[in-house]
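Student: Dropping in my_file_6.cif, which is mmCIF, C-alpha atoms and all ligand atoms:
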data_entry
#
loop_
_atom_site.label_atom_id
_atom_site.label_comp_id
_atom_site.auth_asym_id
_atom_site.auth_seq_id
_atom_site.Cartn_x
_atom_site.Cartn_y
_atom_site.Cartn_z
CA MET X 1 14.44 105.28 11.73
CA ARG X 2 11.77 104.75 9.09
CA ASP X 3 10.75 106.73 6.02
CA GLY X 4 7.84 109.09 6.38
CA LYS X 5 6.51 110.70 9.51
CA ILE X 6 5.00 108.44 12.15
CA PRO X 7 1.41 109.38 13.06
CA VAL X 8 1.07 109.58 16.84
CA ILE X 9 -1.02 110.99 19.66
CA ILE X 10 0.75 111.84 22.91
CA ASP X 11 -1.28 111.47 26.11
CA CYS X 12 0.69 113.10 28.93
CA ASP X 13 0.76 114.74 32.37
CA PRO X 14 3.55 117.33 32.13
CA GLY X 15 5.63 116.82 34.17
CA HIS X 16 9.33 117.50 33.55
CA ASP X 17 10.09 114.30 31.65
CA ASP X 18 6.80 114.61 29.75
CA ALA X 19 8.02 118.03 28.59
CA VAL X 20 11.25 116.49 27.31
CA ALA X 21 9.17 113.80 25.59
CA LEU X 22 7.16 116.55 23.84
CA ALA X 23 10.36 118.36 22.84
CA LEU X 24 11.72 115.13 21.38
CA ALA X 25 8.50 114.33 19.53
CA PHE X 26 8.17 117.77 17.96
CA GLY X 27 11.85 118.63 17.56
CA SER X 28 12.91 115.37 15.94
CA GLY X 29 10.85 116.02 12.81
CA GLN X 30 10.05 112.30 12.74
CA PHE X 31 6.43 112.48 13.87
CA ASP X 32 3.10 113.64 12.59
CA VAL X 33 1.64 114.50 16.00
CA LYS X 34 -2.12 114.41 15.45
CA GLY X 35 -2.96 115.69 18.91
CA VAL X 36 -1.82 116.01 22.51
CA THR X 37 -4.11 114.99 25.36
CA THR X 38 -3.54 115.56 29.03
CA VAL X 39 -4.45 113.64 32.14
CA ALA X 40 -4.22 114.08 35.89
CA GLY X 41 -1.15 112.44 37.34
CA ASN X 42 1.96 114.39 38.21
CA SER X 43 -0.40 117.22 39.11
CA THR X 44 -4.08 118.08 38.69
CA VAL X 45 -5.45 117.95 35.18
CA ASP X 46 -5.86 121.73 35.17
CA ASN X 47 -2.13 122.03 35.84
CA THR X 48 -1.01 119.36 33.38
CA TYR X 49 -3.22 120.91 30.68
CA ALA X 50 -1.88 124.40 31.35
CA ASN X 51 1.68 123.03 31.42
CA ALA X 52 1.26 121.24 28.09
CA LEU X 53 -0.12 124.40 26.48
CA LYS X 54 2.63 126.58 27.92
CA PHE X 55 5.44 124.22 27.00
CA LEU X 56 4.19 123.57 23.47
CA SER X 57 3.71 127.30 22.95
CA PHE X 58 7.21 127.93 24.30
CA ILE X 59 8.78 125.49 21.84
CA GLY X 60 6.80 127.08 19.01
CA VAL X 61 4.54 124.26 17.88
CA CYS X 62 0.90 124.33 16.93
CA VAL X 63 -1.20 121.30 17.77
CA GLU X 64 -4.62 120.59 19.24
CA VAL X 65 -4.33 120.02 22.99
CA ALA X 66 -7.31 118.53 24.83
CA LYS X 67 -7.94 118.16 28.54
CA GLY X 68 -8.68 114.69 29.84
CA ALA X 69 -9.58 112.93 33.05
CA ALA X 70 -9.39 114.83 36.33
CA LYS X 71 -9.17 111.65 38.39
CA PRO X 72 -8.55 107.93 38.00
CA LEU X 73 -11.41 105.62 37.04
CA LEU X 74 -12.19 104.42 40.56
CA ARG X 75 -9.77 106.08 42.94
CA GLN X 76 -8.75 109.38 44.41
CA LEU X 77 -5.98 111.13 42.51
CA THR X 78 -2.41 110.78 43.72
CA VAL X 79 -0.08 113.58 42.56
CA ALA X 80 3.71 113.98 42.73
CA PRO X 81 4.66 117.48 43.94
CA ASN X 82 7.75 115.93 45.54
CA VAL X 83 9.09 115.26 42.03
CA HIS X 84 7.45 117.91 39.83
CA GLY X 85 6.63 120.79 42.23
CA THR X 86 3.28 122.40 43.02
CA THR X 87 2.54 123.39 39.42
CA GLY X 88 3.63 120.01 38.06
CA LEU X 89 6.32 121.77 36.01
CA ASP X 90 8.30 123.90 38.45
CA GLY X 91 11.74 125.29 37.70
CA THR X 92 11.52 127.67 34.77
CA ASP X 93 9.32 130.48 33.45
CA LEU X 94 7.69 129.42 30.20
CA GLY X 95 5.60 132.59 29.94
CA ASP X 96 1.97 132.60 28.92
CA SER X 97 0.66 130.18 26.32
CA ARG X 98 -0.24 131.51 22.90
CA LEU X 99 -1.79 128.14 22.12
CA LYS X 100 -5.47 127.94 22.88
CA GLY X 101 -6.76 124.66 24.22
CA SER X 102 -9.22 122.50 22.38
CA GLY X 103 -12.93 122.86 22.97
CA ARG X 104 -13.04 119.06 22.96
CA SER X 105 -12.25 116.63 25.74
CA ALA X 106 -9.31 114.24 25.42
CA VAL X 107 -11.61 111.30 24.72
CA GLU X 108 -13.52 113.29 22.09
CA LEU X 109 -10.29 114.26 20.36
CA LEU X 110 -8.85 110.73 20.54
CA THR X 111 -12.08 109.25 19.21
CA GLU X 112 -12.35 111.71 16.35
CA ILE X 113 -8.75 111.27 15.23
CA LEU X 114 -8.85 107.47 15.45
CA ARG X 115 -12.24 107.19 13.73
CA THR X 116 -11.30 109.38 10.81
CA SER X 117 -7.65 108.60 10.19
CA SER X 118 -6.83 106.73 7.01
CA GLU X 119 -3.70 105.33 8.63
CA LYS X 120 -3.22 103.55 11.92
CA ILE X 121 -1.96 105.71 14.75
CA THR X 122 0.51 104.99 17.54
CA LEU X 123 -0.51 106.12 21.02
CA ILE X 124 2.23 107.30 23.35
CA PRO X 125 0.86 107.60 26.90
CA THR X 126 3.30 109.07 29.41
CA GLY X 127 0.96 109.46 32.37
CA PRO X 128 -1.72 107.38 34.09
CA LEU X 129 -3.79 105.45 31.56
CA THR X 130 -7.19 106.92 32.50
CA ASN X 131 -7.87 108.63 29.16
CA ILE X 132 -6.88 105.61 27.09
CA ALA X 133 -8.96 103.20 29.18
CA THR X 134 -11.95 105.56 29.02
CA LEU X 135 -11.53 105.76 25.25
CA PHE X 136 -11.47 101.97 24.91
CA LEU X 137 -14.59 101.62 27.11
CA ALA X 138 -16.48 104.37 25.26
CA ALA X 139 -15.45 103.56 21.69
CA PRO X 140 -13.92 100.07 21.54
CA GLU X 141 -14.03 100.07 17.73
CA VAL X 142 -11.22 102.67 17.59
CA LYS X 143 -8.77 100.02 18.82
CA GLU X 144 -8.66 98.74 15.25
CA ASN X 145 -7.05 101.98 14.16
CA VAL X 146 -4.39 101.93 16.88
CA GLU X 147 -1.11 100.73 15.41
CA GLN X 148 0.42 100.17 18.84
CA ILE X 149 0.66 101.68 22.29
CA VAL X 150 4.15 102.53 23.48
CA LEU X 151 3.68 103.64 27.04
CA MET X 152 5.88 104.86 29.84
CA GLY X 153 4.78 102.99 32.89
CA GLY X 154 5.29 99.88 34.94
CA ALA X 155 8.37 97.76 35.37
CA ALA X 156 9.32 94.13 35.40
CA LEU X 157 11.65 94.25 38.34
CA GLU X 158 11.13 97.32 40.52
CA GLY X 159 8.89 100.16 41.61
CA ASN X 160 9.36 103.82 42.34
CA TRP X 161 6.16 105.10 44.00
CA THR X 162 6.04 101.92 46.10
CA PRO X 163 8.55 99.07 46.19
CA ALA X 164 6.28 97.18 43.77
CA ALA X 165 4.71 99.85 41.56
CA GLU X 166 5.68 102.55 39.12
CA PHE X 167 3.84 105.88 39.55
CA ASN X 168 1.71 105.98 36.35
CA ILE X 169 0.33 102.49 36.88
CA PHE X 170 -0.07 102.98 40.65
CA VAL X 171 -2.23 106.09 40.12
CA ASP X 172 -4.82 104.29 38.00
CA PRO X 173 -4.30 100.52 38.08
CA GLU X 174 -7.83 99.75 36.87
CA ALA X 175 -7.23 101.86 33.76
CA ALA X 176 -3.89 100.17 33.23
CA ARG X 177 -5.49 96.75 33.45
CA ILE X 178 -8.06 97.71 30.80
CA VAL X 179 -5.29 98.91 28.49
CA PHE X 180 -3.03 95.89 29.03
CA GLU X 181 -5.99 93.59 28.37
CA SER X 182 -7.19 95.57 25.32
CA GLY X 183 -5.58 93.32 22.72
CA VAL X 184 -3.78 96.29 21.17
CA PRO X 185 -0.01 95.70 20.69
CA ILE X 186 1.74 97.25 23.68
CA THR X 187 5.32 98.11 24.45
CA MET X 188 5.91 98.78 28.13
CA VAL X 189 8.73 101.26 28.53
CA GLY X 190 9.09 100.87 32.26
CA LEU X 191 11.56 101.62 34.99
CA ASP X 192 13.77 98.72 33.86
CA VAL X 193 14.90 100.98 31.03
CA THR X 194 13.95 104.48 32.15
CA HIS X 195 16.19 104.20 35.22
CA LYS X 196 18.98 103.74 32.67
CA ALA X 197 17.84 106.81 30.69
CA LEU X 198 19.89 109.19 32.80
CA ILE X 199 20.87 112.65 31.65
CA TYR X 200 24.03 113.52 33.58
CA PRO X 201 24.93 116.93 35.03
CA ASP X 202 27.54 117.70 32.35
CA GLU X 203 24.94 116.92 29.68
CA ILE X 204 22.45 119.26 31.35
CA GLU X 205 25.15 121.98 31.30
CA ALA X 206 25.67 121.36 27.58
CA LEU X 207 21.92 121.66 26.97
CA ARG X 208 21.87 124.92 28.93
CA LYS X 209 24.29 126.45 26.42
CA GLN X 210 22.28 125.27 23.45
CA GLY X 211 19.83 128.17 23.14
CA ARG X 212 16.55 129.38 24.60
CA ILE X 213 14.82 125.98 24.63
CA GLY X 214 17.93 124.08 25.76
CA LYS X 215 18.28 126.53 28.65
CA ALA X 216 14.64 126.11 29.73
CA ILE X 217 14.93 122.32 29.61
CA ALA X 218 18.15 122.52 31.64
CA GLU X 219 16.31 124.62 34.24
CA LEU X 220 13.52 122.05 34.32
CA MET X 221 16.14 119.33 34.80
CA ASP X 222 17.70 121.35 37.66
CA PHE X 223 14.37 121.23 39.53
CA TYR X 224 13.65 117.60 38.64
CA GLY X 225 17.16 116.65 39.74
CA ILE X 226 16.51 117.84 43.30
CA PHE X 227 14.40 114.72 43.76
CA TYR X 228 16.33 112.30 41.57
CA ARG X 229 19.92 113.05 42.55
CA LYS X 230 19.26 111.40 45.91
CA GLN X 231 18.93 108.12 44.01
CA PHE X 232 20.86 108.44 40.75
CA LYS X 233 23.92 110.17 39.29
CA GLY X 234 21.68 111.81 36.69
CA ASN X 235 18.00 112.43 36.00
CA PRO X 236 15.93 109.58 34.53
CA VAL X 237 14.08 111.13 31.60
CA HIS X 238 11.42 108.41 31.76
CA ASP X 239 8.79 109.63 29.32
CA ALA X 240 11.14 110.63 26.53
CA VAL X 241 12.21 106.97 26.22
CA ALA X 242 8.72 106.03 25.02
CA VAL X 243 8.95 108.62 22.23
CA ALA X 244 12.49 107.53 21.37
CA ALA X 245 11.38 103.90 21.20
CA VAL X 246 8.71 104.72 18.61
CA MET X 247 11.18 106.69 16.55
CA CYS X 248 14.07 104.23 16.83
CA PRO X 249 12.77 100.85 18.03
CA ASP X 250 16.34 99.50 18.22
CA ILE X 251 17.15 101.95 20.99
CA ILE X 252 15.48 99.50 23.40
CA SER X 253 15.60 95.72 23.59
CA THR X 254 12.40 93.91 24.51
CA GLN X 255 10.93 90.53 25.37
CA HIS X 256 7.39 89.57 24.38
CA LEU X 257 5.74 88.42 27.63
CA ASN X 258 2.50 88.34 29.53
CA VAL X 259 1.96 91.29 31.85
CA SER X 260 -0.91 91.48 34.37
CA VAL X 261 -1.71 94.57 36.41
CA GLU X 262 -2.32 94.14 40.12
CA THR X 263 -5.26 96.28 41.22
CA CYS X 264 -5.94 95.20 44.77
CA GLY X 265 -2.80 93.90 46.47
CA GLU X 266 -2.18 95.18 49.97
CA PHE X 267 1.43 95.95 49.12
CA THR X 268 1.36 95.60 45.35
CA ARG X 269 -1.34 97.94 43.97
CA GLY X 270 -0.25 98.97 40.48
CA MET X 271 2.42 96.31 40.11
CA THR X 272 2.96 95.09 36.55
CA VAL X 273 3.45 91.36 37.04
CA VAL X 274 5.68 90.06 34.23
CA ASP X 275 5.54 86.34 33.51
CA PHE X 276 9.15 85.73 32.45
CA ARG X 277 8.86 81.94 32.67
CA GLY X 278 5.41 81.48 31.18
CA VAL X 279 4.13 79.94 34.40
CA THR X 280 0.64 81.44 34.01
CA GLY X 281 0.14 79.87 30.60
CA LYS X 282 -1.30 83.21 29.45
CA ASP X 283 -0.40 84.50 26.00
CA PRO X 284 2.15 87.30 25.80
CA ASN X 285 0.40 90.68 25.57
CA CYS X 286 3.31 93.08 25.84
CA ASN X 287 6.78 93.87 24.58
CA VAL X 288 8.60 94.51 27.83
CA ALA X 289 11.55 96.88 27.43
CA LEU X 290 14.56 95.63 29.30
CA GLY X 291 17.62 97.24 27.68
CA LEU X 292 18.45 100.77 26.51
CA ASP X 293 21.18 102.37 24.40
CA ARG X 294 21.56 105.43 26.65
CA GLU X 295 24.07 107.33 24.52
CA SER X 296 21.88 107.15 21.41
CA PHE X 297 18.88 108.21 23.48
CA ILE X 298 20.68 111.29 24.77
CA ASP X 299 21.87 112.10 21.22
CA LEU X 300 18.24 112.07 20.05
CA ILE X 301 17.28 114.57 22.77
CA PHE X 302 20.18 116.90 21.93
CA ASP X 303 19.41 116.72 18.24
CA ALA X 304 15.70 117.50 18.76
CA VAL X 305 16.38 120.41 21.13
CA ARG X 306 18.98 121.84 18.73
CA LYS X 307 16.47 121.68 15.87
CA LEU X 308 13.82 123.40 18.00
CA ASP X 309 16.28 126.14 18.94
CA GLU X 310 17.42 126.53 15.34
CA SER X 311 13.83 126.82 14.16
CA GLY X 312 13.90 130.24 15.83
CA ALA X 313 10.57 129.90 17.62
CA VAL X 314 9.99 132.71 20.12
C1 LIG X 401 6.54 108.50 35.59
O1 LIG X 401 5.90 109.20 36.67
C2 LIG X 401 5.96 110.58 36.44
O2 LIG X 401 6.39 111.25 37.57
C3 LIG X 401 6.84 110.81 35.25
O3 LIG X 401 6.37 111.90 34.47
C4 LIG X 401 6.80 109.51 34.51
O4 LIG X 401 5.75 109.49 33.57
C5 LIG X 401 7.77 107.80 36.12
O5 LIG X 401 7.40 106.88 37.10
CA CA X 402 4.58 111.50 32.90
#
Could you take the file, read its structure, and then write that structure out as structure tokens?
Ligand code: BDR
Ligand code: CA
Tutor:
Amino acid sequence: MRDGKIPVIIDCDPGHDDAVALALAFGSGQFDVKGVTTVAGNSTVDNTYANALKFLSFIGVCVEVAKGAAKPLLRQLTVAPNVHGTTGLDGTDLGDSRLKGSGRSAVELLTEILRTSSEKITLIPTGPLTNIATLFLAAPEVKENVEQIVLMGGAALEGNWTPAAEFNIFVDPEAARIVFESGVPITMVGLDVTHKALIYPDEIEALRKQGRIGKAIAELMDFYGIFYRKQFKGNPVHDAVAVAAVMCPDIISTQHLNVSVETCGEFTRGMTVVDFRGVTGKDPNCNVALGLDRESFIDLIFDAVRKLDESGAV
């Protein structure tokens, strides 16, 4: 962990694991979260925006939240009610939001923060990359003020939405290609590590006893687990790994490699093609996460949720 708070913007589509990522980012006390932007992905953008507002209000934080893209750059939206329910965040009652949304769009908020910040900012996208690609197309100069992008998406060796592709990249592969080719330093926190980021049933029970916020997150994990327990012994908390990796880079191990995004394959749309052997001759453009210290990751989540509960937010 480093001294001083890390300036970040979280671009998300809550989403159960996005919610845990937000809890980790705000509860850890390690971040200066400049803004939260939302995108269509796990559900419609109206739902992901409402979910972000409700969840952030529930955990007692105050931050500007801006609504982003309603659909991918070139394609129809694919959503994931099979994983996240019809609202995108089924499983608990978060009550009404006391946070009001921003009058600005996600791209307006991202542009303003990046143009005016005196320090470089890390972007943490945990949904499809539509907002970030749109930002880079509309205001390419802001890339200079991006410290790095640590994104949840892709994989070197597997898929989840299709055999070849991870959901976030599958939904908007053209946006992903723009981001991967942007020249900004990228860490890809993909399924290679997030399928190791399992929270087990006994850990969910421990969270449930940890207070109001721990209980709500446990209820969210109960719903999310309906889908994931068919495949794993716990729930992969994908998006929270990207936040953890910014906070504690040693929690993952990476290799610096070239990654290309497949946009038009018949069976491979959204595949992140990782050149392990350098056969393309292309320069590395991405730190590909391949290993994870699961126990330390889970400790970070418990610690953040405990701090949120102790802060006494109601
Ligand atoms: C990713 O897809 C979504 O369902 C999750 O929120 C995560 O960002 C995992 O493939
Ligand atoms: Ca997500």
Student: With distances taken over only C-alpha atoms and all ligand atoms, which of X:Gln148, X:Ser296, X:Gln210, X:Asn168 is nearest to ligand CA 402 (chain X)?
Tutor: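 So, comparing all the options, the nearest one is X:Asn168.
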Student: Give me, as a list in words, all polymer residues having an atom no more than 6 Å from Ile251 in chain X, counting all atoms listed in the file and skipping those fewer than 2 positions away in the same chain.
Tutor: Cys248, Pro249, Leu292 and Asp293 of chain X
Student: Quick one: write out the picked residues with C-alpha atoms as a PDB file, in the coordinates of the input?
Tutor:
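Result file selection37.pdb:
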ATOM      1  CA  CYS X 248      14.070 104.230  16.830  1.00  0.00           C
ATOM      2  CA  PRO X 249      12.770 100.850  18.030  1.00  0.00           C
ATOM      3  CA  LEU X 292      18.450 100.770  26.510  1.00  0.00           C
ATOM      4  CA  ASP X 293      21.180 102.370  24.400  1.00  0.00           C
TER       5      ASP X 293
END
Student: Set the distance at 8 Å and use only C-alpha atoms: which residues neighbour range 66-69 of chain X once local chain neighbours fewer than 6 positions away are removed? I'd like the list as a list in words.
Tutor: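 Answer for this query is Gly35, Val36, Thr37, Thr38, Val39, Ala40, Val45, Asp46, Tyr49, Gly101, Ser102, Gly103, Arg104, Ser105, Ala106, Val107, Leu109, Thr130 and Asn131 of chain X.
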Student: Contacts between ligand CA 402 (chain X) and chain X, please, where a residue of chain X counts if it comes within 8 Å (with all atoms listed in the file); show its shortest atom pair and distance in Å to one decimal, rows by chain and ascending number, as a tab-separated table.
Tutor:
residue	atom	partner	partner_atom	distance
X:Cys12	CA	X:CA402	CA	5.8
X:Asp13	CA	X:CA402	CA	5.0
X:Pro14	CA	X:CA402	CA	6.0
X:Gly15	CA	X:CA402	CA	5.6
X:His16	CA	X:CA402	CA	7.7
X:Asp17	CA	X:CA402	CA	6.3
X:Asp18	CA	X:CA402	CA	5.0
X:Gly41	CA	X:CA402	CA	7.3
X:Asn42	CA	X:CA402	CA	6.6
X:Thr126	CA	X:CA402	CA	4.4
X:Gly127	CA	X:CA402	CA	4.2
X:Pro128	CA	X:CA402	CA	7.6
X:Met152	CA	X:CA402	CA	7.4
X:Asn168	CA	X:CA402	CA	7.1
X:His238	CA	X:CA402	CA	7.6
X:Asp239	CA	X:CA402	CA	5.8
Student: Find the residues around Thr92 in chain X up to 8 Å (only C-alpha atoms counted), leave out those fewer than 6 positions away in its own chain, and share them as a list in words.
Tutor: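 That gives Ala216, Glu219 and Leu220 of chain X.
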Student: Go through X:Ser97, X:Ser182, X:Thr116, X:Thr194 and flag the residue nearest ligand LIG 401 (chain X), using all atoms listed in the file for the distances.
Tutor: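 Counting all atoms listed in the file, the residue closest to ligand LIG 401 (chain X) is X:Thr194.
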Student: So, with all atoms listed in the file as the atoms that count, which of X:Arg115, X:Arg177, X:Lys143, X:Lys215 lies closest to Gly91 in chain X?
Tutor: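 Ranked by minimum distance to Gly91 in chain X, first place goes to X:Lys215.
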Student: Would you list the contacts of Ile121 in chain X as a short mmCIF file (atom, residue, chain, number, x, y, z; two decimals) with C-alpha atoms, in the frame of the given file, taking every protein, DNA or RNA residue within 12 Å and counting all atoms listed in the file, but skipping same-chain residues closer than 4 positions in sequence?
Tutor:
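The result, written out as around_5.cif:
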data_model
loop_
_atom_site.label_atom_id
_atom_site.label_comp_id
_atom_site.auth_asym_id
_atom_site.auth_seq_id
_atom_site.Cartn_x
_atom_site.Cartn_y
_atom_site.Cartn_z
CA LYS X 5 6.51 110.70 9.51
CA ILE X 6 5.00 108.44 12.15
CA PRO X 7 1.41 109.38 13.06
CA VAL X 8 1.07 109.58 16.84
CA ILE X 9 -1.02 110.99 19.66
CA ILE X 10 0.75 111.84 22.91
CA PHE X 31 6.43 112.48 13.87
CA ASP X 32 3.10 113.64 12.59
CA VAL X 33 1.64 114.50 16.00
CA LYS X 34 -2.12 114.41 15.45
CA GLY X 35 -2.96 115.69 18.91
CA LEU X 110 -8.85 110.73 20.54
CA THR X 111 -12.08 109.25 19.21
CA ILE X 113 -8.75 111.27 15.23
CA LEU X 114 -8.85 107.47 15.45
CA ARG X 115 -12.24 107.19 13.73
CA THR X 116 -11.30 109.38 10.81
CA SER X 117 -7.65 108.60 10.19
CA VAL X 142 -11.22 102.67 17.59
CA LYS X 143 -8.77 100.02 18.82
CA GLU X 144 -8.66 98.74 15.25
CA ASN X 145 -7.05 101.98 14.16
CA VAL X 146 -4.39 101.93 16.88
CA GLU X 147 -1.11 100.73 15.41
CA GLN X 148 0.42 100.17 18.84
CA ILE X 149 0.66 101.68 22.29
CA VAL X 150 4.15 102.53 23.48
CA VAL X 184 -3.78 96.29 21.17
CA PRO X 185 -0.01 95.70 20.69
CA VAL X 246 8.71 104.72 18.61
#
Student: Kindly indicate which residue among X:Ala240, X:Gly85, X:Met188, X:Thr268 lies nearest to Gly225 in chain X, using only C-alpha atoms for the distances.
Tutor: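 The closest residue to Gly225 in chain X is X:Gly85.
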Student: Measuring atom to atom with only C-alpha atoms and all ligand atoms, identify which of X:Ala138, X:Ala133, X:Leu56, X:Ile169 is nearest to ligand LIG 401 (chain X).
Tutor: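 Ranked by minimum distance to ligand LIG 401 (chain X), first place goes to X:Ile169.
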Student: Would you mind listing what lies within 10 Å of range 261-264 of chain X as a PDB file with C-alpha atoms, in the coordinates of the input, with all atoms listed in the file counted and same-chain residues fewer than 2 positions away left out?
Tutor:
ATOM      1  CA  GLY X 154       5.290  99.880  34.940  1.00  0.00           C
ATOM      2  CA  ALA X 164       6.280  97.180  43.770  1.00  0.00           C
ATOM      3  CA  ALA X 165       4.710  99.850  41.560  1.00  0.00           C
ATOM      4  CA  ILE X 169       0.330 102.490  36.880  1.00  0.00           C
ATOM      5  CA  PHE X 170      -0.070 102.980  40.650  1.00  0.00           C
ATOM      6  CA  ASP X 172      -4.820 104.290  38.000  1.00  0.00           C
ATOM      7  CA  PRO X 173      -4.300 100.520  38.080  1.00  0.00           C
ATOM      8  CA  GLU X 174      -7.830  99.750  36.870  1.00  0.00           C
ATOM      9  CA  ALA X 175      -7.230 101.860  33.760  1.00  0.00           C
ATOM     10  CA  ALA X 176      -3.890 100.170  33.230  1.00  0.00           C
ATOM     11  CA  ARG X 177      -5.490  96.750  33.450  1.00  0.00           C
ATOM     12  CA  ILE X 178      -8.060  97.710  30.800  1.00  0.00           C
ATOM     13  CA  VAL X 179      -5.290  98.910  28.490  1.00  0.00           C
ATOM     14  CA  PHE X 180      -3.030  95.890  29.030  1.00  0.00           C
ATOM     15  CA  GLU X 181      -5.990  93.590  28.370  1.00  0.00           C
ATOM     16  CA  VAL X 259       1.960  91.290  31.850  1.00  0.00           C
ATOM     17  CA  GLU X 266      -2.180  95.180  49.970  1.00  0.00           C
ATOM     18  CA  PHE X 267       1.430  95.950  49.120  1.00  0.00           C
ATOM     19  CA  THR X 268       1.360  95.600  45.350  1.00  0.00           C
ATOM     20  CA  ARG X 269      -1.340  97.940  43.970  1.00  0.00           C
ATOM     21  CA  GLY X 270      -0.250  98.970  40.480  1.00  0.00           C
ATOM     22  CA  MET X 271       2.420  96.310  40.110  1.00  0.00           C
ATOM     23  CA  THR X 272       2.960  95.090  36.550  1.00  0.00           C
ATOM     24  CA  VAL X 273       3.450  91.360  37.040  1.00  0.00           C
ATOM     25  CA  VAL X 274       5.680  90.060  34.230  1.00  0.00           C
TER      26      VAL X 274
END
Student: Which distance in Å separates CA of Leu257 in chain X and CA of Asp275 in chain X, to one decimal?
Tutor: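 Interatomic distance here is 6.2 Å.
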Student: In Å, how far is it from CA of Ser28 in chain X to atom O3 of ligand LIG 401 (chain X)?
Tutor: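 Separation between CA of Ser28 in chain X and atom O3 of ligand LIG 401 (chain X): 20.0 Å.
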Student: Taking all atoms of ligand LIG 401 (chain X) that the file lists and extending 6 Å past them on each side, where is the centre of the axis-aligned box and how long are its edges? Answer in Å to one decimal, as AutoDock Vina command-line options.
Tutor:
--center_x 6.8 --center_y 109.4 --center_z 35.6 --size_x 14.0 --size_y 17.0 --size_z 16.0
Student: Using all atoms listed in the file, which of X:Asn160, X:Asn235, X:Thr134, X:Ser118 sits nearest ligand LIG 401 (chain X)?
Tutor: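 Nearest to ligand LIG 401 (chain X): X:Asn160.
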Student: Could you jot down the CA of Val241 in chain X to CA of Gly278 in chain X separation for me, Å, one decimal place?
Tutor: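 Between these atoms lies a distance of 26.8 Å.
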Student: Around the point (-3.2, 129.8, 19.8) in the file's coordinates, collect all residues with an atom within 9 Å, using only C-alpha atoms, and return them as a list in words.
Tutor: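 Here the neighbourhood of the point contains Ser57, Cys62, Val63, Ser97, Arg98, Leu99, Lys100 and Gly101 of chain X.
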